[in-house]
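Here is structure.cif, consisting of mmCIF, C-alpha atoms and all ligand atoms:
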```
data_run
loop_
_atom_site.label_atom_id
_atom_site.label_comp_id
_atom_site.auth_asym_id
_atom_site.auth_seq_id
_atom_site.Cartn_x
_atom_site.Cartn_y
_atom_site.Cartn_z
CA MET I 1 0.00 0.00 0.00
CA ALA I 2 1.16 3.50 -0.78
CA LYS I 3 2.55 5.67 1.97
CA ILE I 4 0.76 9.01 1.60
CA ILE I 5 2.67 12.12 2.62
CA SER I 6 1.46 15.73 2.51
CA VAL I 7 4.09 18.39 1.92
CA ALA I 8 2.65 21.54 3.43
CA ASN I 9 3.39 24.93 4.96
CA GLN I 10 1.09 27.92 4.65
CA LYS I 11 4.00 30.09 3.56
CA GLY I 12 4.71 30.29 -0.14
CA GLY I 13 8.19 29.88 -1.56
CA VAL I 14 9.60 27.72 1.24
CA GLY I 15 10.38 24.73 -0.98
CA LYS I 16 7.24 22.58 -0.73
CA THR I 17 7.01 21.77 -4.42
CA THR I 18 10.77 21.37 -4.79
CA THR I 19 10.87 19.01 -1.82
CA ALA I 20 7.89 16.95 -3.01
CA ILE I 21 9.39 16.56 -6.50
CA ASN I 22 12.91 15.76 -5.38
CA ILE I 23 12.14 13.36 -2.55
CA ALA I 24 9.81 11.52 -4.94
CA ALA I 25 12.55 11.55 -7.59
CA GLY I 26 15.10 10.12 -5.15
CA LEU I 27 12.75 7.37 -4.05
CA ALA I 28 12.09 6.60 -7.73
CA LYS I 29 15.84 6.33 -8.31
CA SER I 30 16.07 3.86 -5.45
CA GLY I 31 13.63 1.61 -7.31
CA ARG I 32 10.47 2.60 -5.46
CA THR I 33 7.49 3.88 -7.41
CA ALA I 34 6.58 7.44 -6.48
CA LEU I 35 3.68 9.67 -7.44
CA VAL I 36 3.40 13.41 -6.90
CA ILE I 37 -0.19 14.65 -6.73
CA ASP I 38 -0.53 18.32 -7.51
CA VAL I 39 -3.26 19.85 -5.38
CA ASP I 40 -2.04 23.44 -5.78
CA PRO I 41 -3.89 25.38 -8.51
CA GLN I 42 -0.55 26.99 -9.37
CA CYS I 43 0.40 23.58 -10.79
CA ASN I 44 4.12 24.03 -10.18
CA ALA I 45 4.69 20.35 -9.42
CA THR I 46 2.98 19.45 -12.70
CA SER I 47 5.01 21.80 -14.90
CA GLY I 48 8.15 21.18 -12.84
CA LEU I 49 7.91 17.54 -13.89
CA GLY I 50 7.41 18.47 -17.53
CA VAL I 51 3.66 17.81 -17.72
CA GLU I 52 0.78 20.05 -18.82
CA PRO I 53 -1.89 20.94 -16.26
CA ALA I 54 -5.21 19.13 -16.73
CA GLN I 55 -8.45 20.83 -17.82
CA ARG I 56 -10.27 19.14 -14.96
CA HIS I 57 -8.51 18.02 -11.84
CA PRO I 58 -8.09 14.22 -12.12
CA LEU I 59 -9.44 13.82 -8.59
CA LEU I 60 -12.72 15.31 -9.87
CA ALA I 61 -12.86 14.08 -13.44
CA GLY I 62 -14.63 10.85 -12.52
CA LYS I 63 -12.23 8.71 -14.53
CA PRO I 64 -9.97 6.10 -12.96
CA LEU I 65 -6.91 7.91 -11.63
CA SER I 66 -4.64 5.40 -13.33
CA GLU I 67 -5.77 6.87 -16.67
CA THR I 68 -4.63 10.36 -15.73
CA VAL I 69 -1.38 9.52 -13.97
CA ALA I 70 1.33 10.95 -16.23
CA GLU I 71 4.82 9.62 -16.78
CA THR I 72 7.83 11.88 -16.30
CA SER I 73 11.31 11.81 -17.82
CA GLN I 74 12.41 9.60 -14.94
CA PRO I 75 11.48 5.93 -14.58
CA ASN I 76 9.29 5.10 -11.54
CA LEU I 77 8.37 8.79 -11.09
CA PHE I 78 4.83 9.88 -11.95
CA VAL I 79 2.65 12.93 -11.50
CA LEU I 80 -1.08 13.36 -11.17
CA PRO I 81 -1.40 16.74 -12.89
CA GLY I 82 -3.10 19.63 -11.18
CA SER I 83 -5.69 21.95 -12.67
CA GLN I 84 -5.55 25.72 -12.75
CA SER I 85 -9.33 25.94 -12.61
CA LEU I 86 -10.49 27.81 -9.52
CA ALA I 87 -13.83 26.04 -9.75
CA ASP I 88 -11.93 22.78 -9.36
CA ALA I 89 -10.03 24.13 -6.38
CA ASP I 90 -13.38 25.03 -4.81
CA ALA I 91 -14.86 21.64 -5.61
CA LEU I 92 -11.82 19.81 -4.27
CA SER I 93 -11.97 21.70 -1.02
CA ALA I 94 -15.75 21.55 -0.55
CA SER I 95 -16.98 19.91 2.62
CA ASN I 96 -13.71 19.03 4.18
CA ARG I 97 -14.44 15.86 6.03
CA GLN I 98 -16.20 14.15 3.17
CA ARG I 99 -13.58 15.27 0.69
CA ALA I 100 -10.83 13.90 2.91
CA SER I 101 -12.48 10.52 3.11
CA THR I 102 -13.17 10.44 -0.64
CA LEU I 103 -9.59 11.46 -1.26
CA ARG I 104 -8.35 8.77 1.11
CA GLN I 105 -10.45 6.16 -0.69
CA GLN I 106 -9.20 7.30 -4.09
CA LEU I 107 -5.61 7.25 -2.95
CA THR I 108 -5.62 3.97 -1.11
CA GLY I 109 -7.84 2.15 -3.59
CA GLU I 110 -6.71 3.32 -6.96
CA LEU I 111 -3.12 4.21 -6.29
CA SER I 112 -2.05 1.21 -4.29
CA ARG I 113 0.52 0.28 -6.93
CA PHE I 114 2.72 3.18 -5.79
CA ASP I 115 5.10 2.87 -2.88
CA TYR I 116 4.91 6.59 -2.12
CA VAL I 117 2.36 9.31 -2.87
CA PHE I 118 3.23 12.95 -2.16
CA LEU I 119 0.53 15.61 -2.00
CA ASP I 120 2.02 18.98 -2.96
CA CYS I 121 -0.18 21.43 -1.06
CA PRO I 122 -0.98 25.08 -1.80
CA PRO I 123 0.48 27.82 0.42
CA SER I 124 -2.42 28.05 2.83
CA LEU I 125 -4.04 26.16 5.66
CA GLY I 126 -7.34 26.24 3.78
CA GLN I 127 -9.57 23.36 2.84
CA LEU I 128 -7.31 21.88 0.20
CA THR I 129 -4.49 21.45 2.68
CA ARG I 130 -6.94 20.15 5.27
CA ALA I 131 -8.30 17.55 2.86
CA ALA I 132 -4.75 16.48 2.02
CA LEU I 133 -3.83 16.12 5.69
CA GLY I 134 -7.02 14.18 6.29
CA ALA I 135 -5.90 11.64 3.70
CA SER I 136 -2.23 11.37 4.70
CA ALA I 137 -0.20 9.19 7.00
CA GLU I 138 2.49 11.83 7.36
CA LEU I 139 3.14 15.54 7.05
CA TYR I 140 6.47 16.91 5.87
CA ILE I 141 7.00 20.61 6.58
CA PRO I 142 9.70 22.40 4.57
CA ILE I 143 10.99 25.57 6.15
CA GLN I 144 13.32 28.14 4.76
CA CYS I 145 16.48 28.87 6.78
CA GLU I 146 15.70 32.56 7.06
CA TYR I 147 14.37 35.07 9.47
CA PHE I 148 10.74 34.29 10.46
CA ALA I 149 11.31 30.62 9.57
CA MET I 150 9.52 29.46 12.69
CA GLU I 151 6.67 31.88 12.24
CA GLY I 152 3.52 30.02 11.33
CA LEU I 153 4.96 26.64 12.27
CA SER I 154 2.81 26.46 15.37
CA GLN I 155 -0.34 26.94 13.25
CA ILE I 156 0.39 24.11 10.87
CA ILE I 157 1.40 21.84 13.73
CA GLU I 158 -1.85 22.72 15.49
CA LEU I 159 -3.80 21.95 12.31
CA ALA I 160 -2.10 18.55 12.11
CA ARG I 161 -2.97 17.92 15.77
CA GLN I 162 -6.63 18.82 15.16
CA THR I 163 -6.81 16.69 12.03
CA LYS I 164 -5.35 13.76 13.91
CA ALA I 165 -7.81 14.18 16.78
CA ARG I 166 -10.91 14.60 14.59
CA ASP I 167 -10.57 12.99 11.19
CA ASN I 168 -7.42 11.00 10.76
CA HIS I 169 -5.97 9.29 13.80
CA ARG I 170 -2.94 7.96 12.02
CA LEU I 171 -1.52 11.31 10.88
CA GLU I 172 2.03 11.94 12.14
CA ILE I 173 4.49 14.74 11.58
CA GLY I 174 6.99 12.85 9.45
CA GLY I 175 9.63 15.54 9.47
CA ILE I 176 10.72 19.13 9.09
CA VAL I 177 12.95 19.80 6.07
CA LEU I 178 15.36 22.74 6.29
CA THR I 179 15.66 24.29 2.85
CA MET I 180 17.58 27.06 1.06
CA TYR I 181 20.37 26.90 3.59
CA ASP I 182 23.30 29.26 3.03
CA PRO I 183 26.22 28.36 5.33
CA ALA I 184 27.78 31.79 4.84
CA LEU I 185 24.92 33.46 6.66
CA ASP I 186 25.14 33.56 10.44
CA LEU I 187 21.41 33.95 10.48
CA ALA I 188 20.86 30.67 8.61
CA ASN I 189 22.99 28.85 11.17
CA GLU I 190 21.06 30.46 13.99
CA VAL I 191 17.77 29.38 12.43
CA VAL I 192 19.01 25.81 11.99
CA GLY I 193 20.14 25.71 15.63
CA GLU I 194 16.88 27.12 16.89
CA VAL I 195 14.65 24.81 14.85
CA ARG I 196 16.72 21.77 15.90
CA GLN I 197 16.64 22.77 19.54
CA TYR I 198 12.89 23.21 19.44
CA PHE I 199 11.84 20.29 17.27
CA ASP I 200 14.69 17.92 17.95
CA GLU I 201 14.64 14.69 15.94
CA THR I 202 11.53 15.69 14.00
CA VAL I 203 13.98 17.73 11.89
CA PHE I 204 15.71 15.80 9.13
CA GLU I 205 19.52 15.85 9.46
CA SER I 206 20.08 16.71 5.80
CA LEU I 207 20.22 20.41 5.08
CA ILE I 208 19.10 21.44 1.61
CA PRO I 209 21.46 24.20 0.42
CA ARG I 210 20.49 27.11 -1.73
CA ASP I 211 21.66 25.87 -5.13
CA VAL I 212 20.92 27.39 -8.51
CA HIS I 213 20.62 23.92 -10.09
CA ILE I 214 17.61 23.26 -7.86
CA SER I 215 15.86 26.35 -9.18
CA GLU I 216 16.83 25.68 -12.81
CA ALA I 217 15.63 22.07 -12.92
CA PRO I 218 11.85 22.79 -13.07
CA SER I 219 12.22 24.91 -16.21
CA HIS I 220 13.61 21.75 -17.84
CA GLY I 221 10.67 19.75 -16.51
CA ARG I 222 12.96 17.57 -14.42
CA SER I 223 13.95 16.93 -10.84
CA VAL I 224 17.39 18.21 -9.85
CA LEU I 225 18.44 14.59 -9.35
CA ASP I 226 17.77 14.02 -13.03
CA TYR I 227 18.88 17.43 -14.32
CA ALA I 228 22.12 17.88 -12.37
CA PRO I 229 22.80 14.73 -10.35
CA ARG I 230 26.22 15.90 -9.21
CA ALA I 231 25.08 19.30 -7.99
CA ARG I 232 25.19 20.01 -4.27
CA GLY I 233 21.43 20.34 -4.17
CA ALA I 234 20.95 16.95 -5.78
CA ARG I 235 23.35 15.33 -3.31
CA ALA I 236 21.52 16.93 -0.39
CA TYR I 237 18.14 15.68 -1.60
CA THR I 238 19.67 12.22 -2.11
CA GLU I 239 20.83 12.23 1.52
CA LEU I 240 17.39 13.35 2.62
CA VAL I 241 15.88 10.44 0.70
CA MET I 242 18.19 8.05 2.57
CA GLU I 243 16.71 9.38 5.80
CA VAL I 244 13.19 8.93 4.45
CA ILE I 245 14.04 5.33 3.60
CA ASP I 246 15.60 4.82 7.04
CA ARG I 247 12.33 5.95 8.60
CA GLU I 248 10.29 3.44 6.55
N1 LIG L 1 17.31 24.80 -2.26
C1 LIG L 1 16.98 25.70 -3.19
N2 LIG L 1 17.92 26.44 -3.81
C2 LIG L 1 17.59 27.36 -4.74
N3 LIG L 1 16.34 27.61 -5.14
C3 LIG L 1 15.34 26.91 -4.56
C4 LIG L 1 15.60 25.91 -3.57
N4 LIG L 1 14.42 25.36 -3.18
C5 LIG L 1 13.46 26.00 -3.90
N5 LIG L 1 14.00 26.92 -4.73
C6 LIG L 1 13.29 27.82 -5.63
O1 LIG L 1 12.52 28.71 -4.82
C7 LIG L 1 11.24 28.93 -5.37
C8 LIG L 1 10.16 28.46 -4.39
O2 LIG L 1 10.27 27.06 -4.20
P1 LIG L 1 8.98 26.12 -4.25
O3 LIG L 1 9.44 24.73 -4.05
O4 LIG L 1 8.16 26.41 -5.46
O5 LIG L 1 8.23 26.63 -2.95
P2 LIG L 1 6.68 26.44 -2.51
O6 LIG L 1 6.16 25.22 -3.19
O7 LIG L 1 6.77 26.29 -1.02
O8 LIG L 1 5.98 27.69 -2.90
C9 LIG L 1 11.21 28.18 -6.68
O9 LIG L 1 11.57 29.05 -7.71
C10 LIG L 1 12.29 27.10 -6.50
O10 LIG L 1 12.86 26.70 -7.72
MG MG L 2 4.45 25.00 -4.42
#
```
So that I can check it, write out the structure of this file as structure tokens.
Amino acid sequence: MAKIISVANQKGGVGKTTTAINIAAGLAKSGRTALVIDVDPQCNATSGLGVEPAQRHPLLAGKPLSETVAETSQPNLFVLPGSQSLADADALSASNRQRASTLRQQLTGELSRFDYVFLDCPPSLGQLTRAALGASAELYIPIQCEYFAMEGLSQIIELARQTKARDNHRLEIGGIVLTMYDPALDLANEVVGEVRQYFDETVFESLIPRDVHISEAPSHGRSVLDYAPRARGARAYTELVMEVIDRE
């Protein structure tokens, strides 16, 4: 059965999509089958994996999901394309509890052939993110190693706690991913220290550096592991994937 992981943080630009794509890519390289589901109407995970957004969101189209799962340039790595339609975003987020259970059924029933499913969430704690959390076994929270990094963390952790208590008893915080780390900045080191002190082993050991190859890869429709496997950013995501596998 697929392990379903939401990648969420209400802040935009913290590395959610990048982390979802590249962890999935690393797992795919290790021989596991991985699917990224794009639930953000911005569809960055879809285009970042070289696929066109769908007219209708596959989770709403009423067709078997297996028909809309798209291949990527990398073996074992697939994407369920998002839709830019705001009506679809509304429909997907309507009536949270029911949507979460429908989503859970769709994911566990139709997508059981995948080892891992990542839900790339929009930058909000709105209904789409809530539905994703309601359907997930784990939550990964990327945070940027910059000032205000911790701001907002308590809200998303509280949302996860509520979701676990009300709708989805198995939800766990799978890990905090520190992204866009620049070792030359004292501030970045302070942030890393502070987050580690506060959240302890919930924080993954691997630090994802700021690396231009990471930001270039999506414009080529590829993960950084595929686009620039020797780049620092690719090596860091590979190490992170080792930790994910260790936590299996
Ligand atoms: N480690 C990194 N180094 C350099 N650029 C990065 C890194 N991680 C993400 N980016 C870039 O920063 C921007 C925001 O990242 P993204 O993953 O889209 O964040 P989110 O999904 O949280 O909005 C994107 O342009 C992405 O390519
Ligand atoms: Mg994103």
### Within 9 Å of stretch 203-213 of chain I using only C-alpha atoms, minus same-chain residues under 4 positions, as a PyMOL selection string
chain I and resi 174-183+192+195-196+199+217+224+227-228+231-237+239-240+243-244
### Task
In Å, rounded to a single decimal, give me how far atom CA of I:Glu151 is from atom CA of I:Arg247.
26.8 Å
### Message
At a cut-off of 12 Å around ligand MG 2 (chain L), and using all atoms listed in the file, what residues come up? Please write them as a PyMOL selection string.
### Response
chain I and resi 6-21+36-48+82+119-124+129+142+218
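With only C-alpha atoms and all ligand atoms as the basis for measurement, I:Asn22 is the residue among I:Arg130, I:Gln55, I:Asn22, I:Leu103 that approaches ligand LIG 1 (chain L) most closely.
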### Message
Using only C-alpha atoms and all ligand atoms for the distances, tell me which of I:Leu185, I:Leu77, I:Ala160, I:Ile141 is nearest to ligand LIG 1 (chain L).
### Response
I:Ile141
### Task
Using only C-alpha atoms and all ligand atoms, find the one residue out of I:Asp246, I:Glu216, I:Glu190, I:Asp226 that sits nearest to ligand LIG 1 (chain L).
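Result for the nearest residue to ligand LIG 1 (chain L): I:Glu216.
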### Task
Would you mind telling me which residue in I:Val241, I:Met150, I:Ala61, I:Leu49 lies nearest to I:Ser83 when using all atoms listed in the file?
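Residue with the minimum atom-to-atom distance to I:Ser83: I:Ala61.
One finds atom CA of I:Phe78 at 9.4 Å from atom CA of I:Val117.
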### Task
Would you work out the distance separating atom CA of I:Arg230 from atom CA of I:Ile4, expressed in Å to one decimal?
28.5 Å
### Summary
Restricting to all atoms listed in the file, whichever of I:Glu138, I:Asn76, I:Leu128, I:Met1 is closest to I:Ser112 is I:Met1
### Task
Rank I:Leu187, I:Ile156, I:Ala137, I:Cys145 by their smallest atom-to-atom distance to ligand LIG 1 (chain L), using only C-alpha atoms and all ligand atoms, and report the top residue only.
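Smallest separation from ligand LIG 1 (chain L) among the options: I:Cys145.
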Starting from the incomplete input, reconstruct N, CA and C atoms of stretch 200-228 of chain I and write that as a compact mmCIF listing (two decimals), keeping the file's coordinate frame.
```txt
# COMPACT_ATOMS: atom_id res chain seq x y z
N ASP I 200 13.90 19.10 17.68
CA ASP I 200 14.69 17.92 17.95
C ASP I 200 14.72 16.95 16.77
N GLU I 201 14.43 15.67 17.02
CA GLU I 201 14.64 14.69 15.94
C GLU I 201 13.54 14.69 14.89
N THR I 202 12.52 15.54 15.08
CA THR I 202 11.53 15.69 14.00
C THR I 202 12.20 16.32 12.77
N VAL I 203 13.29 17.04 13.00
CA VAL I 203 13.98 17.73 11.89
C VAL I 203 14.91 16.74 11.19
N PHE I 204 14.79 16.64 9.88
CA PHE I 204 15.71 15.80 9.13
C PHE I 204 17.12 16.35 9.27
N GLU I 205 18.11 15.46 9.35
CA GLU I 205 19.52 15.85 9.46
C GLU I 205 20.00 16.59 8.21
N SER I 206 19.58 16.13 7.05
CA SER I 206 20.08 16.71 5.80
C SER I 206 19.60 18.14 5.67
N LEU I 207 20.55 19.01 5.32
CA LEU I 207 20.22 20.41 5.08
C LEU I 207 20.22 20.62 3.58
N ILE I 208 19.14 21.20 3.05
CA ILE I 208 19.10 21.44 1.61
C ILE I 208 19.69 22.83 1.34
N PRO I 209 20.83 22.89 0.64
CA PRO I 209 21.46 24.20 0.42
C PRO I 209 20.72 25.00 -0.64
N ARG I 210 20.93 26.30 -0.61
CA ARG I 210 20.49 27.11 -1.73
C ARG I 210 21.41 26.76 -2.89
N ASP I 211 20.85 26.32 -3.99
CA ASP I 211 21.66 25.87 -5.13
C ASP I 211 20.89 26.21 -6.41
N VAL I 212 21.58 26.92 -7.29
CA VAL I 212 20.92 27.39 -8.51
C VAL I 212 20.41 26.22 -9.38
N HIS I 213 21.08 25.07 -9.29
CA HIS I 213 20.62 23.92 -10.09
C HIS I 213 19.22 23.48 -9.67
N ILE I 214 18.94 23.63 -8.36
CA ILE I 214 17.61 23.26 -7.86
C ILE I 214 16.55 24.15 -8.50
N SER I 215 16.87 25.44 -8.63
CA SER I 215 15.86 26.35 -9.18
C SER I 215 15.79 26.29 -10.71
N GLU I 216 16.86 25.81 -11.35
CA GLU I 216 16.83 25.68 -12.81
C GLU I 216 16.07 24.44 -13.27
N ALA I 217 16.15 23.38 -12.47
CA ALA I 217 15.63 22.07 -12.92
C ALA I 217 14.17 22.12 -13.38
N PRO I 218 13.27 22.83 -12.64
CA PRO I 218 11.85 22.79 -13.07
C PRO I 218 11.62 23.37 -14.46
N SER I 219 12.44 24.33 -14.87
CA SER I 219 12.22 24.91 -16.21
C SER I 219 12.61 23.90 -17.29
N HIS I 220 13.31 22.84 -16.90
CA HIS I 220 13.61 21.75 -17.84
C HIS I 220 12.64 20.59 -17.63
N GLY I 221 11.67 20.79 -16.76
CA GLY I 221 10.67 19.75 -16.51
C GLY I 221 11.24 18.51 -15.83
N ARG I 222 12.31 18.72 -15.05
CA ARG I 222 12.96 17.57 -14.42
C ARG I 222 13.30 17.86 -12.96
N SER I 223 13.46 16.79 -12.21
CA SER I 223 13.95 16.93 -10.84
C SER I 223 15.42 17.32 -10.91
N VAL I 224 15.97 17.87 -9.82
CA VAL I 224 17.39 18.21 -9.85
C VAL I 224 18.23 16.94 -9.86
N LEU I 225 17.70 15.85 -9.34
CA LEU I 225 18.44 14.59 -9.35
C LEU I 225 18.65 14.08 -10.77
N ASP I 226 17.71 14.43 -11.64
CA ASP I 226 17.77 14.02 -13.03
C ASP I 226 18.55 15.06 -13.85
N TYR I 227 18.32 16.31 -13.54
CA TYR I 227 18.88 17.43 -14.32
C TYR I 227 20.37 17.65 -14.02
N ALA I 228 20.73 17.61 -12.76
CA ALA I 228 22.12 17.88 -12.37
C ALA I 228 22.49 16.98 -11.19
```
